[in-house]
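S.K.: Pasting coords20.txt here (compact mmCIF, C-alpha atoms):
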# COMPACT_ATOMS: atom_id res chain seq x y z
CA MET C 1 -5.59 -7.91 4.14
CA SER C 2 -2.35 -8.42 2.22
CA ARG C 3 -0.65 -5.23 1.09
CA ARG C 4 1.29 -5.74 -2.10
CA VAL C 5 4.96 -4.81 -2.38
CA LEU C 6 7.00 -4.88 -5.58
CA LEU C 7 10.59 -6.00 -4.91
CA VAL C 8 12.95 -5.63 -7.87
CA ASP C 9 16.53 -6.91 -7.58
CA ASP C 10 18.57 -9.40 -9.63
CA ASP C 11 20.26 -10.76 -6.49
CA ARG C 12 18.12 -13.80 -5.66
CA MET C 13 19.56 -14.24 -2.18
CA LEU C 14 18.92 -10.61 -1.28
CA ARG C 15 15.39 -10.81 -2.71
CA ALA C 16 14.63 -13.95 -0.72
CA SER C 17 15.98 -12.41 2.47
CA LEU C 18 14.02 -9.17 2.04
CA ALA C 19 10.84 -11.05 1.11
CA GLU C 20 11.13 -13.18 4.24
CA GLN C 21 11.70 -10.17 6.48
CA LEU C 22 8.82 -8.26 4.88
CA ALA C 23 6.54 -11.21 5.58
CA GLN C 24 7.57 -11.04 9.24
CA GLU C 25 7.14 -7.26 9.30
CA GLY C 26 3.43 -7.29 8.50
CA ALA C 27 0.70 -8.38 6.13
CA PHE C 28 2.74 -7.81 2.98
CA LYS C 29 2.40 -9.85 -0.19
CA VAL C 30 5.73 -9.55 -1.98
CA VAL C 31 5.81 -9.67 -5.78
CA GLU C 32 9.38 -10.33 -6.90
CA ALA C 33 11.11 -9.29 -10.11
CA GLY C 34 14.72 -9.79 -11.20
CA SER C 35 14.82 -7.47 -14.21
CA CYS C 36 13.27 -4.37 -15.75
CA ALA C 37 11.10 -6.52 -18.01
CA GLU C 38 9.73 -8.55 -15.09
CA ALA C 39 9.15 -5.36 -13.11
CA ARG C 40 7.19 -3.77 -15.96
CA ALA C 41 4.95 -6.82 -16.20
CA ALA C 42 4.40 -6.85 -12.44
CA ALA C 43 3.72 -3.10 -12.29
CA ALA C 44 0.99 -3.48 -14.91
CA ASP C 45 -0.77 -5.96 -12.66
CA GLY C 46 -2.24 -3.52 -10.14
CA LEU C 47 -1.48 -1.19 -7.27
CA TYR C 48 1.33 -1.57 -4.74
CA GLU C 49 1.91 -0.31 -1.23
CA PHE C 50 5.52 0.54 -2.09
CA VAL C 51 8.33 -0.46 -4.46
CA ILE C 52 11.91 -1.46 -3.60
CA LEU C 53 13.96 -1.07 -6.77
CA ASP C 54 17.61 -1.91 -7.41
CA VAL C 55 19.54 0.49 -9.64
CA GLY C 56 21.77 -2.13 -11.29
CA LEU C 57 19.51 -4.50 -13.21
CA PRO C 58 20.66 -6.87 -15.99
CA ASP C 59 18.51 -5.24 -18.69
CA GLY C 60 18.53 -1.59 -17.69
CA ASP C 61 19.00 1.16 -15.12
CA GLY C 62 16.61 1.12 -12.19
CA ARG C 63 16.53 4.91 -12.16
CA GLU C 64 15.16 5.00 -15.70
CA LEU C 65 12.65 2.32 -14.77
CA CYS C 66 11.60 4.47 -11.80
CA ARG C 67 11.08 7.42 -14.15
CA GLU C 68 9.03 5.19 -16.46
CA LEU C 69 6.86 3.93 -13.60
CA ARG C 70 6.12 7.49 -12.50
CA THR C 71 5.20 8.42 -16.07
CA LYS C 72 2.76 5.50 -16.14
CA GLY C 73 1.05 6.70 -12.98
CA VAL C 74 2.70 4.68 -10.21
CA SER C 75 2.36 7.00 -7.22
CA CYS C 76 3.36 4.82 -4.26
CA PRO C 77 6.71 5.33 -2.49
CA ILE C 78 9.72 4.00 -4.43
CA VAL C 79 13.01 3.29 -2.65
CA LEU C 80 16.10 2.76 -4.79
CA LEU C 81 18.91 0.39 -3.75
CA THR C 82 22.45 0.86 -5.03
CA ALA C 83 25.98 -0.37 -4.47
CA ALA C 84 27.35 3.09 -5.32
CA ASP C 85 27.49 5.99 -2.90
CA SER C 86 27.84 9.37 -4.52
CA ASP C 87 25.89 12.61 -4.48
CA SER C 88 25.43 12.53 -8.26
CA ASP C 89 23.88 9.04 -8.13
CA THR C 90 21.55 10.12 -5.33
CA ILE C 91 20.48 13.22 -7.25
CA ARG C 92 19.82 11.17 -10.39
CA GLY C 93 17.67 8.75 -8.44
CA LEU C 94 15.63 11.46 -6.74
CA GLU C 95 15.20 13.35 -10.01
CA ALA C 96 13.84 10.14 -11.57
CA GLY C 97 11.02 10.19 -9.03
CA ALA C 98 12.35 8.01 -6.21
CA ASN C 99 11.43 8.87 -2.64
CA ASP C 100 14.70 7.62 -1.18
CA TYR C 101 18.07 6.15 -2.04
CA ILE C 102 19.74 3.50 0.15
CA THR C 103 23.27 2.17 -0.29
CA LYS C 104 24.03 -1.54 0.06
CA PRO C 105 24.73 -3.12 2.45
CA PHE C 106 22.00 -1.79 4.74
CA ARG C 107 20.11 -2.86 7.85
CA PHE C 108 16.57 -4.02 7.22
CA ALA C 109 15.34 -1.96 10.20
CA VAL C 110 16.71 1.20 8.58
CA LEU C 111 15.07 0.36 5.26
CA MET C 112 11.68 -0.20 6.90
CA ALA C 113 11.96 2.93 9.04
CA ARG C 114 12.44 4.99 5.90
CA ILE C 115 9.66 3.18 4.06
CA HIS C 116 7.20 3.72 6.92
CA ALA C 117 8.10 7.42 6.97
CA HIS C 118 7.35 7.69 3.26
CA LEU C 119 4.12 5.71 3.66
CA ARG C 120 2.91 8.14 6.31
CA SER C 121 3.63 11.08 4.03
CA HIS C 122 2.13 9.36 0.99
CA GLY C 123 -1.02 8.44 2.91
CA MET C 124 -1.79 12.14 3.38
CA SER C 125 -1.16 13.07 -0.25
CA GLU C 126 -3.71 13.56 -3.01
CA GLU C 127 -2.08 10.74 -5.03
CA ALA C 128 -2.53 7.96 -2.48
CA ALA C 129 -4.44 4.99 -3.95
CA TYR C 130 -4.92 1.47 -2.64
CA ARG C 131 -6.49 -1.77 -3.83
CA ILE C 132 -9.46 -3.05 -1.81
CA GLY C 133 -11.06 -6.10 -3.41
CA PRO C 134 -12.13 -5.09 -6.93
CA TYR C 135 -11.88 -1.38 -6.08
CA THR C 136 -9.27 1.35 -6.24
CA PHE C 137 -9.55 3.32 -3.00
CA ARG C 138 -8.64 7.03 -3.09
CA PRO C 139 -8.91 8.34 0.49
CA SER C 140 -8.24 12.00 -0.31
CA ALA C 141 -11.14 12.05 -2.78
CA LYS C 142 -13.37 9.94 -0.50
CA LEU C 143 -14.23 7.48 -3.23
CA LEU C 144 -13.83 3.99 -4.62
CA LEU C 145 -13.46 3.20 -8.31
CA ASP C 146 -14.71 -0.14 -9.57
CA GLU C 147 -13.16 -2.08 -12.46
CA ALA C 148 -15.18 0.00 -14.95
CA ASP C 149 -14.01 3.24 -13.26
CA LYS C 150 -17.48 3.86 -11.86
CA LYS C 151 -17.26 6.11 -8.80
CA ILE C 152 -18.63 5.13 -5.40
CA ARG C 153 -18.77 8.15 -3.11
CA LEU C 154 -17.88 7.72 0.55
CA THR C 155 -18.57 9.80 3.63
CA GLU C 156 -15.67 10.97 5.78
CA LYS C 157 -16.39 8.30 8.41
CA GLU C 158 -16.65 5.55 5.78
CA THR C 159 -13.35 6.69 4.31
CA ASN C 160 -11.66 6.63 7.71
CA ILE C 161 -13.06 3.18 8.51
CA LEU C 162 -11.67 1.74 5.27
CA LYS C 163 -8.36 3.53 5.70
CA PHE C 164 -7.81 2.25 9.24
CA LEU C 165 -8.83 -1.31 8.39
CA TYR C 166 -6.58 -1.30 5.34
CA ARG C 167 -3.60 -0.05 7.31
CA SER C 168 -4.19 -2.55 10.11
CA GLY C 169 -4.17 -5.53 7.77
CA GLU C 170 -5.87 -7.66 10.42
CA THR C 171 -9.06 -7.97 12.44
CA VAL C 172 -9.77 -4.75 14.38
CA PRO C 173 -11.99 -4.95 17.50
CA ARG C 174 -15.14 -2.80 17.35
CA GLU C 175 -14.08 -0.62 20.29
CA THR C 176 -10.67 0.05 18.74
CA LEU C 177 -12.17 1.02 15.38
CA LEU C 178 -14.78 3.17 17.09
CA HIS C 179 -12.17 5.11 19.02
CA GLU C 180 -9.86 5.50 16.02
CA VAL C 181 -12.61 6.91 13.79
CA TRP C 182 -14.77 8.86 16.29
CA GLY C 183 -12.28 9.50 19.06
CA TYR C 184 -12.97 8.91 22.74
CA ASN C 185 -16.53 10.20 22.71
CA PRO C 186 -18.75 8.55 25.35
CA ALA C 187 -21.84 9.62 23.41
CA VAL C 188 -20.87 7.43 20.45
CA THR C 189 -21.60 3.70 20.80
CA THR C 190 -20.74 0.60 18.80
CA HIS C 191 -24.24 0.83 17.30
CA THR C 192 -23.03 3.93 15.44
CA LEU C 193 -20.13 1.95 14.01
CA GLU C 194 -22.36 -0.97 13.06
CA THR C 195 -24.67 1.42 11.20
CA HIS C 196 -21.76 2.78 9.17
CA ILE C 197 -20.49 -0.74 8.45
CA TYR C 198 -23.97 -1.67 7.22
CA ARG C 199 -24.07 1.33 4.87
CA LEU C 200 -20.56 0.62 3.62
CA ARG C 201 -21.51 -2.95 2.77
CA GLN C 202 -24.52 -1.69 0.83
CA LYS C 203 -22.08 0.30 -1.31
CA ILE C 204 -19.25 -2.18 -1.84
CA GLU C 205 -20.58 -5.72 -1.48
CA LYS C 206 -22.31 -7.55 -4.34
CA SER C 207 -24.39 -9.33 -1.71
CA PRO C 208 -24.33 -7.21 1.49
CA GLY C 209 -25.86 -10.05 3.50
CA GLU C 210 -22.90 -12.28 2.59
CA ALA C 211 -19.95 -9.91 2.94
CA ARG C 212 -16.77 -10.94 1.11
CA ILE C 213 -14.76 -7.70 1.37
CA LEU C 214 -15.67 -6.10 4.70
CA ILE C 215 -16.22 -9.05 7.00
CA THR C 216 -17.08 -9.56 10.66
CA GLU C 217 -14.51 -11.70 12.42
CA SER C 218 -13.67 -12.45 16.07
CA GLY C 219 -15.58 -9.53 17.56
CA GLY C 220 -14.37 -7.00 15.01
CA TYR C 221 -13.99 -6.18 11.34
CA ARG C 222 -11.47 -7.00 8.69
CA LEU C 223 -10.86 -6.18 5.03
CA MET C 224 -10.21 -9.11 2.74
CA ALA C 225 -8.07 -8.97 -0.42
Translate the structure of the given file into structure tokens.

M.R.:
Amino acid sequence: MSRRVLLVDDDRMLRASLAEQLAQEGAFKVVEAGSCAEARAAAADGLYEFVILDVGLPDGDGRELCRELRTKGVSCPIVLLTAADSDSDTIRGLEAGANDYITKPFRFAVLMARIHAHLRSHGMSEEAAYRIGPYTFRPSAKLLLDEADKKIRLTEKETNILKFLYRSGETVPRETLLHEVWGYNPAVTTHTLETHIYRLRQKIEKSPGEARILITESGGYRLMA
């Protein structure tokens, strides 16, 4: 399943380089923007895994855009990029709601290490929300919201199944998923997992017999965008 990333920078070469490296890093779908206006339009188009946001944009200050995004409910990690390196700039960025502040030039490995650290922290927060098919998934509340904001309640195991599959972004073998959700318990078999998958499909699929979101693939399960 592709996890969406919003990348905002007016430097086309840098954007292209980061987008390419993100594609190699994992199942990320990069949405690019070169200005505040483009970023606003992109941000209104759904949920993102994280946002990389340049401070110096041609039509505004990235820090103010960060503040605006937070006001509009964007809760995912936001990392600001800047050519400046001063304590006052860092403080302004963090006060605007950014999770981190990285000075150009930087190593991609360092950027991703920081992003992954913020993703781990965000994943345990009450504000974490992800897009799964037509649903907004809120793990902390154990629920899915459909496009009409109707709530679909999930059990703890169902929540953990969706969360692990979402984070994996690829097909997960049954045994792996079983161990991740139930632990190494010899009393729990793959039949238990299959029962939970069946119940999940009854909740989230329009036609549970023809799954389009939670699919069986190559001996395991996968979430589709």

S.K.: How many Å separate atom CA of Ser35 of chain C from atom CA of Thr103 of chain C?

M.R.: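 About the pair atom CA of Ser35 of chain C and atom CA of Thr103 of chain C: they are 18.9 Å apart.
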
S.K.: Find the residues near Ala19 of chain C: any atom within 10 Å, counting only C-alpha atoms, skip ones fewer than 3 places away on the same chain, and give them as a list of chain:residue names.

M.R.: C:Val5, C:Leu6, C:Leu7, C:Met13, C:Leu14, C:Arg15, C:Ala16, C:Leu22, C:Ala23, C:Gln24, C:Glu25, C:Phe28, C:Lys29, C:Val30, C:Val31, C:Glu32

S.K.: When you look at Ala98 of chain C with a cut-off of 8 Å (counting all atoms listed in the file), what residues show up, excluding the ones that are within fewer than 2 positions of it in the same chain? I need them as a list in words.

M.R.: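 Selected residues are Arg63, Cys66, Pro77, Ile78, Val79, Leu80, Gly93, Leu94, Glu95, Ala96, Asp100 and Tyr101 of chain C.
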
S.K.: Which neighbours of Ile102 of chain C fall inside 12 Å, counting all atoms listed in the file, when residues of the same chain fewer than 4 positions from it are skipped, and could you give them as a PyMOL selection string?

M.R.: chain C and resi 52-55+78-87+89-90+93-94+98+106-108+110-115

S.K.: Restricting the calculation to all atoms listed in the file: of C:Gly219, C:Gly73, C:Pro105, C:Pro134, which residue gets closest to Lys150 of chain C?

M.R.: C:Pro134

S.K.: State, in Å with one decimal place, the distance from atom CA of Leu144 of chain C to atom CA of Lys163 of chain C.

M.R.: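 According to the coordinates, atom CA of Leu144 of chain C and atom CA of Lys163 of chain C are separated by 11.7 Å.
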
S.K.: Between atom CA of Leu162 of chain C and atom CA of Tyr198 of chain C, what is the distance, to one decimal in Å?

M.R.: 12.9 Å

S.K.: Restricting the calculation to only C-alpha atoms: of C:Cys36, C:Ala109, C:Leu69, C:Ala41, which residue gets closest to Leu18 of chain C?

M.R.: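 Among the listed residues, C:Ala109 lies closest to Leu18 of chain C.
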
S.K.: Counting all atoms listed in the file, write as a ChimeraX atom specification all protein and nucleic acid residues lying at most 6 Å from (-12.6, -9.9, 5.0) in the file's frame.

M.R.: /C:212-215,222-224

S.K.: Can you spit out the residues from that selection as a PDB file, in the coordinates of the input, using C-alpha atoms?

M.R.:
ATOM      1  CA  ARG C 212     -16.770 -10.940   1.110  1.00  0.00           C
ATOM      2  CA  ILE C 213     -14.760  -7.700   1.370  1.00  0.00           C
ATOM      3  CA  LEU C 214     -15.670  -6.100   4.700  1.00  0.00           C
ATOM      4  CA  ILE C 215     -16.220  -9.050   7.000  1.00  0.00           C
ATOM      5  CA  ARG C 222     -11.470  -7.000   8.690  1.00  0.00           C
ATOM      6  CA  LEU C 223     -10.860  -6.180   5.030  1.00  0.00           C
ATOM      7  CA  MET C 224     -10.210  -9.110   2.740  1.00  0.00           C
TER       8      MET C 224
END

S.K.: As JSON, please report the centre and edge lengths, rounded to one decimal in Å, of the axis-aligned box that holds all listed atoms of segment 183-193 of chain C with 4 Å of padding on each of the six sides.

M.R.:
{"center_x": -18.3, "center_y": 5.4, "center_z": 19.7, "size_x": 20.0, "size_y": 17.6, "size_z": 19.3}

S.K.: Looking at C:Thr190, C:Ser140, C:Gln202, C:Asn99, which one is nearest to Arg174 of chain C, with distances taken over all atoms listed in the file?

M.R.: C:Thr190

S.K.: Just checking: using all atoms listed in the file, which residue out of C:Arg153, C:Arg199, C:Ala117, C:Ile161 ends up closest to Thr176 of chain C?

M.R.: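 That would be C:Ile161, the residue with the smallest distance to Thr176 of chain C.
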
S.K.: Determine, counting only C-alpha atoms, which protein, DNA and RNA residues have an atom within 8 Å of an atom of segment 127-133 of chain C; residues of the same chain fewer than 4 positions away are not included. Present the result as a list in words.

M.R.: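 What passes the distance filter is Gly46, Leu47, Tyr48, Glu49, Ser75, Cys76, His122, Gly123, Phe137, Arg138, Pro139, Ser140, Tyr166, Ile213, Leu223, Met224 and Ala225 of chain C.
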
S.K.: Mind dumping the selected residues with C-alpha atoms as a PDB file, in the frame of the given file?

M.R.:
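again03.pdb, written as the output of this step:
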ATOM      1  CA  GLY C  46      -2.240  -3.520 -10.140  1.00  0.00           C
ATOM      2  CA  LEU C  47      -1.480  -1.190  -7.270  1.00  0.00           C
ATOM      3  CA  TYR C  48       1.330  -1.570  -4.740  1.00  0.00           C
ATOM      4  CA  GLU C  49       1.910  -0.310  -1.230  1.00  0.00           C
ATOM      5  CA  SER C  75       2.360   7.000  -7.220  1.00  0.00           C
ATOM      6  CA  CYS C  76       3.360   4.820  -4.260  1.00  0.00           C
ATOM      7  CA  HIS C 122       2.130   9.360   0.990  1.00  0.00           C
ATOM      8  CA  GLY C 123      -1.020   8.440   2.910  1.00  0.00           C
ATOM      9  CA  PHE C 137      -9.550   3.320  -3.000  1.00  0.00           C
ATOM     10  CA  ARG C 138      -8.640   7.030  -3.090  1.00  0.00           C
ATOM     11  CA  PRO C 139      -8.910   8.340   0.490  1.00  0.00           C
ATOM     12  CA  SER C 140      -8.240  12.000  -0.310  1.00  0.00           C
ATOM     13  CA  TYR C 166      -6.580  -1.300   5.340  1.00  0.00           C
ATOM     14  CA  ILE C 213     -14.760  -7.700   1.370  1.00  0.00           C
ATOM     15  CA  LEU C 223     -10.860  -6.180   5.030  1.00  0.00           C
ATOM     16  CA  MET C 224     -10.210  -9.110   2.740  1.00  0.00           C
ATOM     17  CA  ALA C 225      -8.070  -8.970  -0.420  1.00  0.00           C
TER      18      ALA C 225
END

S.K.: From the set C:Pro173, C:Lys157, C:Arg92, C:Phe50, which residue has the shortest atom-to-atom contact distance to Glu64 of chain C, counting all atoms listed in the file?

M.R.: C:Arg92

S.K.: Is it possible to add N, CA and C atoms to segment 180-201 of chain C and hand it back as a PDB file, keeping the file's coordinate frame?

M.R.:
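result-v9.pdb, freshly written:
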ATOM      1  N   GLU C 180     -10.759   4.952  17.051  1.00  0.00           N
ATOM      2  CA  GLU C 180      -9.860   5.500  16.020  1.00  0.00           C
ATOM      3  C   GLU C 180     -10.603   6.430  15.066  1.00  0.00           C
ATOM      4  N   VAL C 181     -11.859   6.119  14.772  1.00  0.00           N
ATOM      5  CA  VAL C 181     -12.610   6.910  13.790  1.00  0.00           C
ATOM      6  C   VAL C 181     -13.374   8.064  14.442  1.00  0.00           C
ATOM      7  N   TRP C 182     -13.964   7.822  15.637  1.00  0.00           N
ATOM      8  CA  TRP C 182     -14.770   8.860  16.290  1.00  0.00           C
ATOM      9  C   TRP C 182     -14.060   9.529  17.464  1.00  0.00           C
ATOM     10  N   GLY C 183     -12.931   8.968  17.890  1.00  0.00           N
ATOM     11  CA  GLY C 183     -12.280   9.500  19.060  1.00  0.00           C
ATOM     12  C   GLY C 183     -12.940   8.980  20.330  1.00  0.00           C
ATOM     13  N   TYR C 184     -12.434   9.385  21.469  1.00  0.00           N
ATOM     14  CA  TYR C 184     -12.970   8.910  22.740  1.00  0.00           C
ATOM     15  C   TYR C 184     -14.167   9.758  23.140  1.00  0.00           C
ATOM     16  N   ASN C 185     -15.284   9.473  22.485  1.00  0.00           N
ATOM     17  CA  ASN C 185     -16.530  10.200  22.710  1.00  0.00           C
ATOM     18  C   ASN C 185     -17.534   9.253  23.370  1.00  0.00           C
ATOM     19  N   PRO C 186     -17.846   9.464  24.645  1.00  0.00           N
ATOM     20  CA  PRO C 186     -18.750   8.550  25.350  1.00  0.00           C
ATOM     21  C   PRO C 186     -20.162   8.533  24.771  1.00  0.00           C
ATOM     22  N   ALA C 187     -20.494   9.552  23.995  1.00  0.00           N
ATOM     23  CA  ALA C 187     -21.840   9.620  23.410  1.00  0.00           C
ATOM     24  C   ALA C 187     -21.988   8.735  22.186  1.00  0.00           C
ATOM     25  N   VAL C 188     -20.848   8.263  21.647  1.00  0.00           N
ATOM     26  CA  VAL C 188     -20.870   7.430  20.450  1.00  0.00           C
ATOM     27  C   VAL C 188     -20.708   5.959  20.861  1.00  0.00           C
ATOM     28  N   THR C 189     -21.615   5.105  20.403  1.00  0.00           N
ATOM     29  CA  THR C 189     -21.600   3.700  20.800  1.00  0.00           C
ATOM     30  C   THR C 189     -21.248   2.816  19.596  1.00  0.00           C
ATOM     31  N   THR C 190     -21.053   1.527  19.884  1.00  0.00           N
ATOM     32  CA  THR C 190     -20.740   0.600  18.800  1.00  0.00           C
ATOM     33  C   THR C 190     -21.895   0.494  17.803  1.00  0.00           C
ATOM     34  N   HIS C 191     -23.097   0.836  18.232  1.00  0.00           N
ATOM     35  CA  HIS C 191     -24.240   0.830  17.300  1.00  0.00           C
ATOM     36  C   HIS C 191     -24.001   1.809  16.155  1.00  0.00           C
ATOM     37  N   THR C 192     -23.364   2.937  16.473  1.00  0.00           N
ATOM     38  CA  THR C 192     -23.030   3.930  15.440  1.00  0.00           C
ATOM     39  C   THR C 192     -22.086   3.318  14.416  1.00  0.00           C
ATOM     40  N   LEU C 193     -21.076   2.614  14.902  1.00  0.00           N
ATOM     41  CA  LEU C 193     -20.130   1.950  14.010  1.00  0.00           C
ATOM     42  C   LEU C 193     -20.835   0.899  13.166  1.00  0.00           C
ATOM     43  N   GLU C 194     -21.667   0.089  13.784  1.00  0.00           N
ATOM     44  CA  GLU C 194     -22.360  -0.970  13.060  1.00  0.00           C
ATOM     45  C   GLU C 194     -23.257  -0.405  11.958  1.00  0.00           C
ATOM     46  N   THR C 195     -23.847   0.763  12.211  1.00  0.00           N
ATOM     47  CA  THR C 195     -24.670   1.420  11.200  1.00  0.00           C
ATOM     48  C   THR C 195     -23.830   1.830  10.001  1.00  0.00           C
ATOM     49  N   HIS C 196     -22.647   2.375  10.259  1.00  0.00           N
ATOM     50  CA  HIS C 196     -21.760   2.780   9.170  1.00  0.00           C
ATOM     51  C   HIS C 196     -21.227   1.573   8.397  1.00  0.00           C
ATOM     52  N   ILE C 197     -20.932   0.492   9.113  1.00  0.00           N
ATOM     53  CA  ILE C 197     -20.490  -0.740   8.450  1.00  0.00           C
ATOM     54  C   ILE C 197     -21.595  -1.261   7.533  1.00  0.00           C
ATOM     55  N   TYR C 198     -22.823  -1.224   8.022  1.00  0.00           N
ATOM     56  CA  TYR C 198     -23.970  -1.670   7.220  1.00  0.00           C
ATOM     57  C   TYR C 198     -24.069  -0.850   5.935  1.00  0.00           C
ATOM     58  N   ARG C 199     -23.959   0.465   6.049  1.00  0.00           N
ATOM     59  CA  ARG C 199     -24.070   1.330   4.870  1.00  0.00           C
ATOM     60  C   ARG C 199     -22.907   1.121   3.905  1.00  0.00           C
ATOM     61  N   LEU C 200     -21.718   0.892   4.466  1.00  0.00           N
ATOM     62  CA  LEU C 200     -20.560   0.620   3.620  1.00  0.00           C
ATOM     63  C   LEU C 200     -20.767  -0.662   2.813  1.00  0.00           C
ATOM     64  N   ARG C 201     -21.278  -1.680   3.473  1.00  0.00           N
ATOM     65  CA  ARG C 201     -21.510  -2.950   2.770  1.00  0.00           C
ATOM     66  C   ARG C 201     -22.547  -2.796   1.660  1.00  0.00           C
TER      67      ARG C 201
END
